[in-house]
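Asks: Contents of input37.tsv (TSV, C-alpha atoms):
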```
chain	number	residue	atom	x	y	z
A	152	MET	CA	-150.66	178.56	-150.42
A	153	THR	CA	-151.63	175.31	-148.71
A	154	ALA	CA	-149.09	172.53	-149.09
A	155	ALA	CA	-150.29	169.43	-150.86
A	156	PRO	CA	-150.66	166.42	-148.57
A	157	ASP	CA	-147.91	163.84	-148.62
A	158	THR	CA	-149.39	160.83	-150.38
A	159	ARG	CA	-146.31	158.65	-150.26
A	160	ALA	CA	-147.12	155.28	-148.73
A	161	ALA	CA	-144.86	153.75	-146.14
A	162	ALA	CA	-143.31	150.42	-146.99
A	163	PRO	CA	-145.31	147.48	-145.62
A	164	GLY	CA	-144.16	146.74	-142.09
A	165	ALA	CA	-142.45	150.12	-141.68
A	166	ALA	CA	-143.06	152.08	-138.48
A	167	PRO	CA	-146.06	154.42	-138.81
A	168	ALA	CA	-145.96	158.16	-138.20
A	169	GLY	CA	-149.56	158.32	-137.01
A	170	ARG	CA	-151.29	158.43	-133.62
A	171	ALA	CA	-149.54	157.48	-130.42
A	172	ASP	CA	-152.00	154.69	-129.65
A	173	ALA	CA	-151.44	153.17	-133.11
A	174	ARG	CA	-147.68	153.23	-132.53
A	175	ARG	CA	-148.13	151.58	-129.13
A	176	ASN	CA	-150.32	148.85	-130.63
A	177	ARG	CA	-147.78	148.21	-133.37
A	178	ALA	CA	-144.94	147.96	-130.82
A	179	LEU	CA	-147.03	145.59	-128.70
A	180	VAL	CA	-147.78	143.33	-131.68
A	181	LEU	CA	-144.08	143.31	-132.68
A	182	SER	CA	-142.81	142.38	-129.22
A	183	THR	CA	-145.48	139.72	-128.85
A	184	ALA	CA	-144.77	138.30	-132.31
A	185	MET	CA	-141.06	138.02	-131.54
A	186	ARG	CA	-141.82	136.06	-128.39
A	187	VAL	CA	-144.50	133.83	-129.96
A	188	PHE	CA	-142.45	133.08	-133.08
A	189	ALA	CA	-139.50	132.07	-130.87
A	190	GLU	CA	-141.69	129.86	-128.67
A	191	GLU	CA	-144.06	128.30	-131.22
A	192	GLY	CA	-142.39	128.72	-134.62
A	193	LEU	CA	-143.32	130.72	-137.69
A	194	GLU	CA	-146.37	128.57	-138.42
A	195	VAL	CA	-148.36	130.36	-135.71
A	196	SER	CA	-151.29	132.38	-137.05
A	197	LEU	CA	-151.77	136.14	-136.87
A	198	GLY	CA	-154.91	135.45	-134.85
A	199	ARG	CA	-152.83	133.61	-132.26
A	200	ILE	CA	-150.45	136.58	-132.05
A	201	ALA	CA	-153.40	138.94	-131.59
A	202	GLN	CA	-154.68	136.73	-128.78
A	203	ARG	CA	-151.31	136.69	-127.01
A	204	ALA	CA	-150.98	140.47	-127.44
A	205	GLY	CA	-154.46	141.09	-126.04
A	206	VAL	CA	-155.64	143.02	-129.11
A	207	GLY	CA	-158.19	142.34	-131.81
A	208	ALA	CA	-157.17	140.50	-134.96
A	209	GLY	CA	-158.08	143.62	-136.93
A	210	THR	CA	-155.37	145.56	-135.11
A	211	VAL	CA	-152.73	143.06	-136.22
A	212	TYR	CA	-153.96	142.96	-139.83
A	213	ARG	CA	-154.17	146.76	-139.98
A	214	HIS	CA	-150.46	147.08	-139.26
A	215	PHE	CA	-149.29	143.79	-140.82
A	216	PRO	CA	-151.62	142.55	-143.60
A	217	THR	CA	-149.66	139.29	-144.04
A	218	LYS	CA	-147.47	137.09	-141.90
A	219	GLU	CA	-144.51	137.73	-144.22
A	220	ILE	CA	-144.79	141.47	-143.57
A	221	LEU	CA	-144.92	140.84	-139.82
A	222	ILE	CA	-141.89	138.53	-139.93
A	223	GLU	CA	-139.95	141.17	-141.86
A	224	ALA	CA	-140.95	143.87	-139.38
A	225	VAL	CA	-139.92	141.71	-136.41
A	226	LEU	CA	-136.53	141.01	-137.97
A	227	ALA	CA	-136.02	144.66	-138.88
A	228	GLU	CA	-136.90	145.70	-135.31
A	229	HIS	CA	-134.33	143.24	-133.95
A	230	VAL	CA	-131.66	144.59	-136.29
A	231	GLU	CA	-132.48	148.21	-135.38
A	232	HIS	CA	-132.02	147.35	-131.70
A	233	LEU	CA	-128.58	145.98	-132.56
A	234	VAL	CA	-127.72	149.22	-134.38
A	235	THR	CA	-128.65	151.15	-131.25
A	236	ALA	CA	-126.50	148.79	-129.18
A	237	ALA	CA	-123.54	149.44	-131.50
A	238	ASP	CA	-123.85	153.19	-130.91
A	239	GLN	CA	-124.07	152.64	-127.16
A	240	TRP	CA	-120.94	150.48	-127.13
A	241	ALA	CA	-119.04	153.10	-129.16
A	242	ALA	CA	-120.03	155.80	-126.67
A	243	ARG	CA	-119.21	153.94	-123.46
A	244	ALA	CA	-116.14	151.78	-124.11
A	245	ALA	CA	-112.68	151.87	-125.67
A	246	PRO	CA	-112.69	150.94	-129.39
A	247	GLY	CA	-111.50	147.36	-128.97
A	248	ASP	CA	-113.79	146.67	-126.03
A	249	ALA	CA	-116.68	148.30	-127.91
A	250	LEU	CA	-116.26	146.04	-130.93
A	251	PHE	CA	-115.88	142.77	-129.04
A	252	GLY	CA	-118.54	143.65	-126.49
A	253	PHE	CA	-120.94	144.43	-129.32
A	254	LEU	CA	-120.20	141.17	-131.13
A	255	LEU	CA	-120.88	139.21	-127.96
A	256	GLU	CA	-124.13	141.12	-127.46
A	257	VAL	CA	-125.20	140.35	-131.03
A	258	ALA	CA	-124.56	136.66	-130.44
A	259	GLU	CA	-126.45	136.75	-127.14
A	260	LYS	CA	-129.47	138.67	-128.44
A	261	SER	CA	-129.70	136.64	-131.63
A	262	MET	CA	-130.15	133.35	-129.79
A	263	GLY	CA	-133.49	131.72	-130.47
A	264	ARG	CA	-133.75	133.16	-133.99
A	265	ARG	CA	-133.37	129.79	-135.75
A	266	HIS	CA	-136.92	129.93	-137.12
A	267	PHE	CA	-136.17	133.23	-138.80
A	268	CYS	CA	-132.90	131.99	-140.24
A	269	ASP	CA	-134.70	128.99	-141.73
A	270	ALA	CA	-137.30	131.28	-143.31
A	271	LEU	CA	-134.69	133.58	-144.81
A	272	THR	CA	-132.75	130.65	-146.23
A	273	ALA	CA	-135.82	129.00	-147.77
A	274	ASP	CA	-137.23	132.13	-149.42
A	275	GLN	CA	-134.99	133.63	-152.10
A	276	GLY	CA	-137.07	136.83	-152.04
A	277	TRP	CA	-135.28	138.06	-148.90
A	278	PRO	CA	-134.23	140.58	-147.89
A	279	ARG	CA	-137.20	142.81	-148.63
A	280	ALA	CA	-137.07	146.60	-148.50
A	281	VAL	CA	-137.63	147.22	-144.78
A	282	LEU	CA	-135.23	144.51	-143.65
A	283	ALA	CA	-132.66	145.46	-146.29
A	284	ALA	CA	-132.63	149.06	-145.04
A	285	ALA	CA	-132.15	147.92	-141.44
A	286	GLY	CA	-129.41	145.54	-142.53
A	287	GLN	CA	-127.59	148.36	-144.29
A	288	ARG	CA	-127.64	150.44	-141.11
A	289	PHE	CA	-126.32	147.46	-139.14
A	290	HIS	CA	-123.47	146.97	-141.62
A	291	GLN	CA	-122.55	150.66	-141.38
A	292	ALA	CA	-122.54	150.53	-137.57
A	293	LEU	CA	-120.36	147.41	-137.64
A	294	GLU	CA	-117.98	149.05	-140.10
A	295	ARG	CA	-117.61	152.06	-137.78
A	296	LEU	CA	-116.80	149.89	-134.77
A	297	LEU	CA	-114.33	147.83	-136.79
A	298	HIS	CA	-112.63	150.93	-138.20
A	299	ASP	CA	-112.21	152.45	-134.74
A	300	ALA	CA	-110.86	149.16	-133.35
A	301	LYS	CA	-108.33	148.94	-136.17
A	302	GLN	CA	-107.27	152.54	-135.62
A	303	ALA	CA	-106.69	151.68	-131.95
A	304	GLY	CA	-104.65	148.61	-132.90
A	305	ALA	CA	-107.10	146.30	-131.10
A	306	VAL	CA	-108.00	144.01	-133.99
A	307	ARG	CA	-106.01	142.33	-136.75
A	308	PRO	CA	-105.67	144.65	-139.79
A	309	GLY	CA	-106.98	142.13	-142.34
A	310	VAL	CA	-110.34	141.59	-140.63
A	311	ARG	CA	-113.40	142.72	-142.62
A	312	ALA	CA	-116.97	143.38	-141.55
A	313	ASP	CA	-118.26	140.33	-143.42
A	314	ASP	CA	-115.71	138.23	-141.51
A	315	LEU	CA	-117.24	139.45	-138.27
A	316	SER	CA	-120.76	138.65	-139.45
A	317	ALA	CA	-119.69	135.11	-140.35
A	318	LEU	CA	-117.94	134.63	-137.01
A	319	VAL	CA	-120.97	135.83	-135.08
A	320	ALA	CA	-123.22	133.46	-137.05
A	321	GLY	CA	-120.83	130.63	-136.24
A	322	GLY	CA	-120.73	131.69	-132.61
A	323	ILE	CA	-124.52	131.62	-132.37
A	324	ALA	CA	-124.55	128.08	-133.77
A	325	LEU	CA	-121.76	127.07	-131.39
A	326	ARG	CA	-123.53	128.43	-128.35
A	327	SER	CA	-126.82	126.83	-129.42
A	328	ALA	CA	-125.13	123.45	-129.85
A	329	HIS	CA	-123.57	123.45	-126.37
A	330	ARG	CA	-125.80	122.06	-123.65
A	331	ASP	CA	-124.19	124.37	-121.07
A	332	PRO	CA	-124.95	128.03	-122.01
A	333	VAL	CA	-122.21	129.34	-119.73
A	334	ARG	CA	-119.52	127.27	-121.43
A	335	GLY	CA	-121.09	128.01	-124.80
A	336	THR	CA	-120.69	131.75	-124.21
A	337	TRP	CA	-117.13	131.18	-123.01
A	338	LEU	CA	-116.30	129.36	-126.26
A	339	VAL	CA	-117.76	132.21	-128.32
A	340	ARG	CA	-115.47	134.60	-126.45
A	341	LEU	CA	-112.48	132.40	-127.21
A	342	LEU	CA	-113.50	132.33	-130.87
A	343	LEU	CA	-113.66	136.11	-131.09
A	344	ASP	CA	-110.43	136.50	-129.13
A	345	GLY	CA	-108.57	135.19	-132.17
A	346	LEU	CA	-109.31	138.49	-133.93
A	347	ARG	CA	-107.35	140.51	-131.39
A	348	THR	CA	-103.82	141.72	-131.95
A	349	GLN	CA	-102.97	140.91	-128.33
A	350	PRO	CA	-104.40	138.33	-125.91
A	351	VAL	CA	-107.00	139.51	-123.45
A	352	THR	CA	-105.55	140.25	-120.03
A	353	LYS	CA	-108.64	141.43	-118.13
A	354	ALA	CA	-109.21	139.26	-115.08
A	355	ASP	CA	-111.71	136.44	-115.61
A	356	LEU	CA	-112.91	137.70	-119.01
A	357	PHE	CA	-111.82	134.52	-120.77
A	358	ARG	CA	-111.29	132.30	-117.77
A	359	ASP	CA	-112.55	128.74	-117.97
A	360	PRO	CA	-115.93	128.82	-116.15
A	361	SER	CA	-115.21	125.43	-114.57
A	362	ALA	CA	-112.33	127.09	-112.69
A	363	LEU	CA	-114.67	129.60	-111.01
A	364	PRO	CA	-116.28	129.02	-107.60
A	365	ARG	CA	-119.47	126.97	-107.83
A	366	HIS	CA	-121.70	129.87	-106.71
A	367	GLU	CA	-120.55	132.11	-109.58
A	368	THR	CA	-121.03	132.15	-113.35
A	369	THR	CA	-119.50	133.93	-116.33
A	370	ALA	CA	-122.82	134.56	-118.05
A	371	LEU	CA	-122.60	137.46	-120.51
A	372	LYS	CA	-123.27	140.64	-118.53
A	373	TYR	CA	-121.84	144.12	-118.95
A	374	CYS	CA	-122.22	147.40	-117.11
A	375	VAL	CA	-124.92	149.29	-119.00
A	376	GLU	CA	-123.02	152.54	-118.47
A	377	CYS	CA	-119.35	151.81	-119.25
A	378	GLY	CA	-119.40	148.31	-120.75
A	379	ALA	CA	-117.19	146.71	-118.10
A	380	THR	CA	-117.61	142.95	-117.64
A	381	LEU	CA	-119.68	142.05	-114.58
A	382	ARG	CA	-119.44	138.97	-112.35
A	383	VAL	CA	-122.94	137.50	-112.09
A	384	HIS	CA	-123.98	135.40	-109.10
A	385	ALA	CA	-126.30	132.46	-109.48
A	386	THR	CA	-128.77	133.93	-106.98
A	387	GLY	CA	-130.12	137.42	-106.47
A	388	ARG	CA	-130.87	140.20	-108.92
A	389	PRO	CA	-128.35	140.49	-111.82
A	390	PRO	CA	-126.22	143.65	-111.54
A	391	ARG	CA	-126.61	146.45	-114.09
A	392	TYR	CA	-123.65	148.63	-113.09
A	393	CYS	CA	-120.03	147.92	-112.21
A	394	GLY	CA	-120.13	150.28	-109.23
A	395	PRO	CA	-121.67	153.38	-107.62
A	396	THR	CA	-119.97	155.81	-110.04
A	397	CYS	CA	-121.66	154.34	-113.12
A	398	ARG	CA	-124.94	153.95	-111.23
A	399	GLN	CA	-124.96	157.62	-110.24
A	400	ARG	CA	-123.95	158.74	-113.73
A	401	ALA	CA	-126.82	156.80	-115.28
A	402	HIS	CA	-129.32	158.12	-112.75
A	403	ARG	CA	-128.24	161.74	-113.40
A	404	ARG	CA	-129.06	161.31	-117.08
A	405	ARG	CA	-132.61	160.14	-116.42
A	406	PRO	CA	-135.25	162.68	-117.51
A	407	ALA	CA	-137.03	164.46	-114.69
A	408	GLY	CA	-140.62	163.53	-113.94
```
Show me this structure written as structure tokens.
Replies:
Amino acid sequence: MTAAPDTRAAAPGAAPAGRADARRNRALVLSTAMRVFAEEGLEVSLGRIAQRAGVGAGTVYRHFPTKEILIEAVLAEHVEHLVTAADQWAARAAPGDALFGFLLEVAEKSMGRRHFCDALTADQGWPRAVLAAAGQRFHQALERLLHDAKQAGAVRPGVRADDLSALVAGGIALRSAHRDPVRGTWLVRLLLDGLRTQPVTKADLFRDPSALPRHETTALKYCVECGATLRVHATGRPPRYCGPTCRQRAHRRRPAG
């Protein structure tokens, strides 16, 4: 017996399960839209996004029939990347470091999203289905990190996941308001440090950036393998690993070919 075809329609803005070239075009439109929305605001047209992406307007409309659907898809994609980051932090760092490193990464990656926040606040119809599903996965990932940090005694027992979300939102606003991004990031770290059961003792992690040598900065950078904090120099290529051990470990995991 031949199985009946699956006629269920994907939610508008959801990732397609079709051809590889269609998936690539959708990913290209999403990444371009994120950049254009951040640079030019949400008033930009879908035609403008198609132009910047180097595709026809029909390609954009085929995947995202309206701007609202595209905005939702861009936001959901951003949230899904944060969920992936949460899993990576849990796998590569101790529970307390994983939680606080993830919160700092959320604050860093969510910079420049003011246009989206304004849109969500103005429209009472949010969140829609695709974004709501991504948000649920984010909340679950945050709950897991918080639970593990509490079990390890790294965070105050009364802290809840919604407290963390509020603190991160406040941290994003704080960093945006500071004219010096380095000091803004340092202040966000101090804000989050209040959640810990014990003060941070790692060298330079919460050190006043004005006390560092002029040629150095405390910009938010972590080893992509173990999560250790990296010292970033003002010149040269930013480091990705804390040392040769992590670099070799990451290279061994790369797929062959």
Asks: Please list as an NGL selection string every residue within 10 Å of Leu197 (chain A), counting all atoms listed in the file and excluding residues in the same chain fewer than 4 positions away.
Replies: :A and (180 or 184 or 201-203 or 208-209 or 211-212 or 215-218 or 221)
Asks: Which residue is closest to Ala227 (chain A)? Choose from A:Val195, A:Leu250, A:Val206, A:Val281 and count all atoms listed in the file.
Replies: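 Looking at the shortest contact to Ala227 (chain A), the residue is A:Val281.
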Asks: Closest to Gly192 (chain A) among A:Ile222, A:Gly335, A:Ala312, A:Gly286, using all atoms listed in the file?
Replies: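 When distances to Gly192 (chain A) are compared using all atoms listed in the file, the smallest one comes from A:Ile222.
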Asks: Could you list, as a ChimeraX atom specification, every residue within 10 Å of Arg311 (chain A), counting all atoms listed in the file and ignoring same-chain residues fewer than 4 positions away?
Replies: /A:293-294,297-298,307,315-316
Asks: Around region 334-340 of chain A, with edges along x, y and z and 5 Å added on all six sides, what centre and edge lengths do you get, in Å to one decimal, as AutoDock Vina command-line options?
Replies:
```
--center_x -118.3 --center_y 130.9 --center_z -124.9 --size_x 15.6 --size_y 17.3 --size_z 16.9
```
